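Here is the structure we will look at, set down as structure tokens.
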Amino acid sequence: MGKFLAGSIFVSAIAAGILMYYLQVYAFYDEIPAGAGGRVEVVSLTTDLPEEIIFEDFEGIDSDSSPLRYRACFTTPQSQAMMTETYVTFEDATPLTAPAWFDCYDAVEVGEALEDGEAIAFLGQKDIHWGFDRVVAIMPDGRGFVWHQMNACGKEVFEDGRPVPDHCPPRP
């Protein structure tokens, strides 16, 4: 009887681990088709509003479970030089990793390119979700990557547990 109980606990633990892995890595992600929500926008220096840029080969994923799960890849013919003269750059961009199966997005490569000054990050949209900004990074070869990153207001509320500061927009 003891071997049966130990075996059933072992099998249950393995099944729970597999289910948990599946739920974290696959289950809650949805593919974003280009056109239907799959847009690439960057905030203009002149209007301070997001404007759609020229892009191709869009691949994106998102999840309703967290604003941090958004990732996208694309290519653009627009040069970094033109974009820095036209759009708002984003300081302290830190790409977040994506599931391994979303193979067009490599956070390590993008992060190293940003640190080396090879890639340039732009503000895609301020407060895409309250406390989170959309960041768009462009590589010299025209490859682009998009993710959501917690902004200063989000860090104070979500990480530090403080009330919404006066300089932040009200929470919805």
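Chain labels run A, B, ... following the order of the structure tokens; each chain numbers its residues from 1, and ligands are numbered from 1 in the order shown.
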
Restrict the calculation to only C-alpha atoms, then for each residue of segment 122-146 of chain A with any atom at most 10 Å from an atom of segment 55-68 of chain A give the closest atom pair and their distance in Å to one decimal, rows by chain and rising residue number, as CSV.
```
residue,atom,partner,partner_atom,distance
A:Ile128,CA,A:Pro67,CA,8.6
A:His129,CA,A:Pro67,CA,6.7
A:Trp130,CA,A:Pro67,CA,9.2
A:Gly131,CA,A:Pro67,CA,9.4
A:Phe132,CA,A:Pro67,CA,7.3
A:Asp133,CA,A:Pro67,CA,9.5
A:Arg134,CA,A:Leu68,CA,9.5
A:Gly142,CA,A:Phe55,CA,9.3
A:Arg143,CA,A:Phe55,CA,9.5
A:Gly144,CA,A:Phe55,CA,8.8
A:Phe145,CA,A:Gly60,CA,9.5
A:Val146,CA,A:Gly60,CA,8.6
```

Just the selected residues (N, CA, C and O atoms), exported as a PDB file, in the first residue's frame, please.
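File result.pdb, as written:
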```
ATOM      1  N   ILE A 128       0.642  52.255 -21.952  1.00  0.00           N
ATOM      2  CA  ILE A 128      -0.159  51.363 -22.791  1.00  0.00           C
ATOM      3  C   ILE A 128      -1.163  50.613 -21.900  1.00  0.00           C
ATOM      4  O   ILE A 128      -2.285  50.358 -22.286  1.00  0.00           O
ATOM      5  N   HIS A 129      -0.718  50.249 -20.712  1.00  0.00           N
ATOM      6  CA  HIS A 129      -1.544  49.816 -19.582  1.00  0.00           C
ATOM      7  C   HIS A 129      -1.024  50.664 -18.435  1.00  0.00           C
ATOM      8  O   HIS A 129       0.164  50.973 -18.385  1.00  0.00           O
ATOM      9  N   TRP A 130      -1.860  51.030 -17.485  1.00  0.00           N
ATOM     10  CA  TRP A 130      -1.399  51.912 -16.420  1.00  0.00           C
ATOM     11  C   TRP A 130      -0.149  51.322 -15.763  1.00  0.00           C
ATOM     12  O   TRP A 130      -0.133  50.171 -15.351  1.00  0.00           O
ATOM     13  N   GLY A 131       0.920  52.130 -15.720  1.00  0.00           N
ATOM     14  CA  GLY A 131       2.166  51.714 -15.102  1.00  0.00           C
ATOM     15  C   GLY A 131       3.137  51.006 -16.034  1.00  0.00           C
ATOM     16  O   GLY A 131       4.221  50.618 -15.610  1.00  0.00           O
ATOM     17  N   PHE A 132       2.764  50.867 -17.309  1.00  0.00           N
ATOM     18  CA  PHE A 132       3.596  50.152 -18.275  1.00  0.00           C
ATOM     19  C   PHE A 132       3.674  50.927 -19.583  1.00  0.00           C
ATOM     20  O   PHE A 132       2.661  51.403 -20.088  1.00  0.00           O
ATOM     21  N   ASP A 133       4.880  51.040 -20.125  1.00  0.00           N
ATOM     22  CA  ASP A 133       5.103  51.691 -21.415  1.00  0.00           C
ATOM     23  C   ASP A 133       5.444  50.638 -22.459  1.00  0.00           C
ATOM     24  O   ASP A 133       6.019  49.602 -22.133  1.00  0.00           O
ATOM     25  N   ARG A 134       5.109  50.933 -23.708  1.00  0.00           N
ATOM     26  CA  ARG A 134       5.516  50.063 -24.816  1.00  0.00           C
ATOM     27  C   ARG A 134       6.834  50.601 -25.355  1.00  0.00           C
ATOM     28  O   ARG A 134       6.967  51.791 -25.609  1.00  0.00           O
ATOM     29  N   GLY A 142      17.504  47.006 -39.507  1.00  0.00           N
ATOM     30  CA  GLY A 142      16.071  47.191 -39.700  1.00  0.00           C
ATOM     31  C   GLY A 142      15.193  46.235 -38.920  1.00  0.00           C
ATOM     32  O   GLY A 142      13.964  46.343 -38.960  1.00  0.00           O
ATOM     33  N   ARG A 143      15.797  45.296 -38.204  1.00  0.00           N
ATOM     34  CA  ARG A 143      14.978  44.426 -37.357  1.00  0.00           C
ATOM     35  C   ARG A 143      14.482  45.227 -36.162  1.00  0.00           C
ATOM     36  O   ARG A 143      15.212  46.040 -35.597  1.00  0.00           O
ATOM     37  N   GLY A 144      13.226  44.997 -35.791  1.00  0.00           N
ATOM     38  CA  GLY A 144      12.648  45.710 -34.665  1.00  0.00           C
ATOM     39  C   GLY A 144      12.044  44.756 -33.660  1.00  0.00           C
ATOM     40  O   GLY A 144      11.609  43.650 -34.015  1.00  0.00           O
ATOM     41  N   PHE A 145      12.027  45.188 -32.407  1.00  0.00           N
ATOM     42  CA  PHE A 145      11.519  44.362 -31.310  1.00  0.00           C
ATOM     43  C   PHE A 145      10.676  45.249 -30.399  1.00  0.00           C
ATOM     44  O   PHE A 145      11.025  46.405 -30.155  1.00  0.00           O
ATOM     45  N   VAL A 146       9.592  44.693 -29.893  1.00  0.00           N
ATOM     46  CA  VAL A 146       8.671  45.462 -29.060  1.00  0.00           C
ATOM     47  C   VAL A 146       8.379  44.676 -27.790  1.00  0.00           C
ATOM     48  O   VAL A 146       8.211  43.457 -27.829  1.00  0.00           O
TER      49      VAL A 146
END
```

Practice item. Among the residues of chain A, find those DSSP assigns to strand (DSSP E) from the backbone and print them as a PyMOL selection string. Key: chain A and resi 30-32+41-43+50-52+56-62+71-75+120-129+132-138+143-150

With C-alpha atoms retained, could you export that selection as an mmCIF file, in the first residue's frame?
```cif
data_model
loop_
_atom_site.group_PDB
_atom_site.id
_atom_site.type_symbol
_atom_site.label_atom_id
_atom_site.label_comp_id
_atom_site.auth_asym_id
_atom_site.auth_seq_id
_atom_site.Cartn_x
_atom_site.Cartn_y
_atom_site.Cartn_z
ATOM 1 C CA ASP A 30 -2.234 34.482 -28.096
ATOM 2 C CA GLU A 31 -0.708 35.241 -31.459
ATOM 3 C CA ILE A 32 -1.279 38.779 -32.726
ATOM 4 C CA GLU A 41 3.722 52.709 -33.357
ATOM 5 C CA VAL A 42 6.324 55.131 -32.014
ATOM 6 C CA VAL A 43 5.705 58.458 -30.237
ATOM 7 C CA PRO A 50 2.007 57.457 -31.258
ATOM 8 C CA GLU A 51 2.323 57.191 -35.043
ATOM 9 C CA GLU A 52 2.407 53.980 -37.046
ATOM 10 C CA GLU A 56 6.801 44.190 -42.518
ATOM 11 C CA ASP A 57 7.076 40.611 -41.266
ATOM 12 C CA PHE A 58 5.225 41.319 -38.015
ATOM 13 C CA GLU A 59 5.068 38.503 -35.450
ATOM 14 C CA GLY A 60 3.567 39.149 -32.039
ATOM 15 C CA ILE A 61 2.287 37.472 -28.892
ATOM 16 C CA ASP A 62 0.272 38.802 -25.976
ATOM 17 C CA ARG A 71 6.373 40.766 -27.418
ATOM 18 C CA ALA A 72 6.677 41.505 -31.118
ATOM 19 C CA CYS A 73 9.225 41.343 -33.930
ATOM 20 C CA PHE A 74 9.163 43.068 -37.296
ATOM 21 C CA THR A 75 11.371 44.646 -39.935
ATOM 22 C CA ILE A 120 18.134 52.367 -30.362
ATOM 23 C CA ALA A 121 15.016 52.208 -28.175
ATOM 24 C CA PHE A 122 11.984 54.405 -28.764
ATOM 25 C CA LEU A 123 8.822 55.078 -26.783
ATOM 26 C CA GLY A 124 6.050 53.159 -28.499
ATOM 27 C CA GLN A 125 3.294 54.368 -26.188
ATOM 28 C CA LYS A 126 3.266 55.851 -22.709
ATOM 29 C CA ASP A 127 1.000 53.976 -20.275
ATOM 30 C CA ILE A 128 -0.159 51.363 -22.791
ATOM 31 C CA HIS A 129 -1.544 49.816 -19.582
ATOM 32 C CA PHE A 132 3.596 50.152 -18.275
ATOM 33 C CA ASP A 133 5.103 51.691 -21.415
ATOM 34 C CA ARG A 134 5.516 50.063 -24.816
ATOM 35 C CA VAL A 135 9.139 50.074 -25.989
ATOM 36 C CA VAL A 136 10.292 49.649 -29.595
ATOM 37 C CA ALA A 137 13.958 48.854 -30.316
ATOM 38 C CA ILE A 138 15.426 49.141 -33.800
ATOM 39 C CA ARG A 143 14.978 44.426 -37.357
ATOM 40 C CA GLY A 144 12.648 45.710 -34.665
ATOM 41 C CA PHE A 145 11.519 44.362 -31.310
ATOM 42 C CA VAL A 146 8.671 45.462 -29.060
ATOM 43 C CA TRP A 147 7.902 44.775 -25.390
ATOM 44 C CA HIS A 148 6.165 46.382 -22.429
ATOM 45 C CA GLN A 149 8.262 47.760 -19.589
ATOM 46 C CA MET A 150 7.212 49.008 -16.168
#
```

Check your understanding: When you draw a straight line from atom CA of Val110 of chain A to atom CA of Met139 of chain A, how long is it in Å?
Key -> 8.1 Å

Check your understanding: Mind checking DSSP for segment 7-145 of chain A and telling me the alpha helix (DSSP H) residues as number ranges by chain?
Key -> A: 7-22, 80-86, 107-116

Can you write just those residues out, N, CA and C atoms, as an mmCIF file, in the first residue's frame?
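After the write, again23.cif holds the following:
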```
data_model
loop_
_atom_site.group_PDB
_atom_site.id
_atom_site.type_symbol
_atom_site.label_atom_id
_atom_site.label_comp_id
_atom_site.auth_asym_id
_atom_site.auth_seq_id
_atom_site.Cartn_x
_atom_site.Cartn_y
_atom_site.Cartn_z
ATOM 1 N N GLY A 7 3.994 6.085 -5.217
ATOM 2 C CA GLY A 7 3.956 6.151 -6.679
ATOM 3 C C GLY A 7 2.916 7.143 -7.170
ATOM 4 N N SER A 8 1.738 7.147 -6.543
ATOM 5 C CA SER A 8 0.695 8.077 -6.977
ATOM 6 C C SER A 8 1.077 9.523 -6.654
ATOM 7 N N ILE A 9 1.768 9.749 -5.539
ATOM 8 C CA ILE A 9 2.255 11.100 -5.217
ATOM 9 C C ILE A 9 3.298 11.529 -6.252
ATOM 10 N N PHE A 10 4.198 10.622 -6.601
ATOM 11 C CA PHE A 10 5.229 10.923 -7.584
ATOM 12 C C PHE A 10 4.607 11.251 -8.940
ATOM 13 N N VAL A 11 3.677 10.439 -9.411
ATOM 14 C CA VAL A 11 3.020 10.662 -10.700
ATOM 15 C C VAL A 11 2.227 11.967 -10.677
ATOM 16 N N SER A 12 1.545 12.246 -9.567
ATOM 17 C CA SER A 12 0.788 13.494 -9.442
ATOM 18 C C SER A 12 1.713 14.705 -9.479
ATOM 19 N N ALA A 13 2.858 14.614 -8.836
ATOM 20 C CA ALA A 13 3.824 15.723 -8.831
ATOM 21 C C ALA A 13 4.369 15.973 -10.232
ATOM 22 N N ILE A 14 4.682 14.913 -10.963
ATOM 23 C CA ILE A 14 5.179 15.044 -12.334
ATOM 24 C C ILE A 14 4.095 15.673 -13.210
ATOM 25 N N ALA A 15 2.859 15.194 -13.107
ATOM 26 C CA ALA A 15 1.749 15.738 -13.902
ATOM 27 C C ALA A 15 1.517 17.213 -13.568
ATOM 28 N N ALA A 16 1.570 17.580 -12.293
ATOM 29 C CA ALA A 16 1.384 18.973 -11.892
ATOM 30 C C ALA A 16 2.510 19.852 -12.432
ATOM 31 N N GLY A 17 3.726 19.359 -12.414
ATOM 32 C CA GLY A 17 4.859 20.113 -12.953
ATOM 33 C C GLY A 17 4.732 20.354 -14.444
ATOM 34 N N ILE A 18 4.329 19.327 -15.173
ATOM 35 C CA ILE A 18 4.136 19.461 -16.621
ATOM 36 C C ILE A 18 3.012 20.445 -16.912
ATOM 37 N N LEU A 19 1.916 20.341 -16.183
ATOM 38 C CA LEU A 19 0.791 21.255 -16.370
ATOM 39 C C LEU A 19 1.201 22.689 -16.050
ATOM 40 N N MET A 20 1.928 22.898 -14.970
ATOM 41 C CA MET A 20 2.363 24.235 -14.595
ATOM 42 C C MET A 20 3.290 24.824 -15.667
ATOM 43 N N TYR A 21 4.203 24.035 -16.177
ATOM 44 C CA TYR A 21 5.098 24.478 -17.242
ATOM 45 C C TYR A 21 4.293 24.877 -18.477
ATOM 46 N N TYR A 22 3.358 24.042 -18.871
ATOM 47 C CA TYR A 22 2.525 24.328 -20.038
ATOM 48 C C TYR A 22 1.737 25.620 -19.844
ATOM 49 N N GLN A 80 17.699 54.208 -38.528
ATOM 50 C CA GLN A 80 17.819 54.684 -37.148
ATOM 51 C C GLN A 80 18.009 56.195 -37.118
ATOM 52 N N ALA A 81 18.803 56.730 -38.052
ATOM 53 C CA ALA A 81 19.067 58.172 -38.076
ATOM 54 C C ALA A 81 17.773 58.951 -38.276
ATOM 55 N N MET A 82 16.950 58.539 -39.227
ATOM 56 C CA MET A 82 15.680 59.212 -39.470
ATOM 57 C C MET A 82 14.764 59.087 -38.257
ATOM 58 N N MET A 83 14.760 57.915 -37.652
ATOM 59 C CA MET A 83 13.868 57.695 -36.521
ATOM 60 C C MET A 83 14.276 58.530 -35.301
ATOM 61 N N THR A 84 15.572 58.688 -35.055
ATOM 62 C CA THR A 84 15.995 59.496 -33.897
ATOM 63 C C THR A 84 15.656 60.970 -34.092
ATOM 64 N N GLU A 85 15.535 61.421 -35.332
ATOM 65 C CA GLU A 85 15.149 62.809 -35.601
ATOM 66 C C GLU A 85 13.637 63.004 -35.563
ATOM 67 N N THR A 86 12.876 61.908 -35.594
ATOM 68 C CA THR A 86 11.428 61.988 -35.717
ATOM 69 C C THR A 86 10.677 61.513 -34.473
ATOM 70 N N ALA A 107 15.856 38.466 -26.318
ATOM 71 C CA ALA A 107 16.063 39.562 -25.367
ATOM 72 C C ALA A 107 17.533 39.794 -25.066
ATOM 73 N N VAL A 108 18.326 38.742 -25.035
ATOM 74 C CA VAL A 108 19.758 38.891 -24.757
ATOM 75 C C VAL A 108 20.432 39.664 -25.887
ATOM 76 N N GLU A 109 20.152 39.278 -27.125
ATOM 77 C CA GLU A 109 20.731 39.975 -28.271
ATOM 78 C C GLU A 109 20.317 41.446 -28.289
ATOM 79 N N VAL A 110 19.043 41.710 -28.065
ATOM 80 C CA VAL A 110 18.546 43.087 -28.076
ATOM 81 C C VAL A 110 19.159 43.883 -26.926
ATOM 82 N N GLY A 111 19.220 43.286 -25.741
ATOM 83 C CA GLY A 111 19.806 43.964 -24.589
ATOM 84 C C GLY A 111 21.262 44.325 -24.804
ATOM 85 N N GLU A 112 22.028 43.398 -25.360
ATOM 86 C CA GLU A 112 23.441 43.680 -25.640
ATOM 87 C C GLU A 112 23.584 44.768 -26.700
ATOM 88 N N ALA A 113 22.733 44.730 -27.720
ATOM 89 C CA ALA A 113 22.785 45.754 -28.771
ATOM 90 C C ALA A 113 22.424 47.132 -28.214
ATOM 91 N N LEU A 114 21.485 47.181 -27.281
ATOM 92 C CA LEU A 114 21.133 48.452 -26.642
ATOM 93 C C LEU A 114 22.286 48.968 -25.790
ATOM 94 N N GLU A 115 22.915 48.081 -25.032
ATOM 95 C CA GLU A 115 24.052 48.481 -24.187
ATOM 96 C C GLU A 115 25.223 48.982 -25.022
ATOM 97 N N ASP A 116 25.468 48.347 -26.171
ATOM 98 C CA ASP A 116 26.579 48.725 -27.044
ATOM 99 C C ASP A 116 26.271 49.954 -27.894
#
```

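Between Tyr87 of chain A and the residues A:Cys153, A:Cys104, A:Ile53, A:Met1, the shortest atom-to-atom distance, using only C-alpha atoms, involves A:Ile53.
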
Review point. Distance atom CA of Pro172 of chain A-atom CA of Thr46 of chain A, one decimal place?
Key: 27.4 Å

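Atom to atom, atom CA of Pro165 of chain A and atom CA of Val88 of chain A stand 23.9 Å apart.
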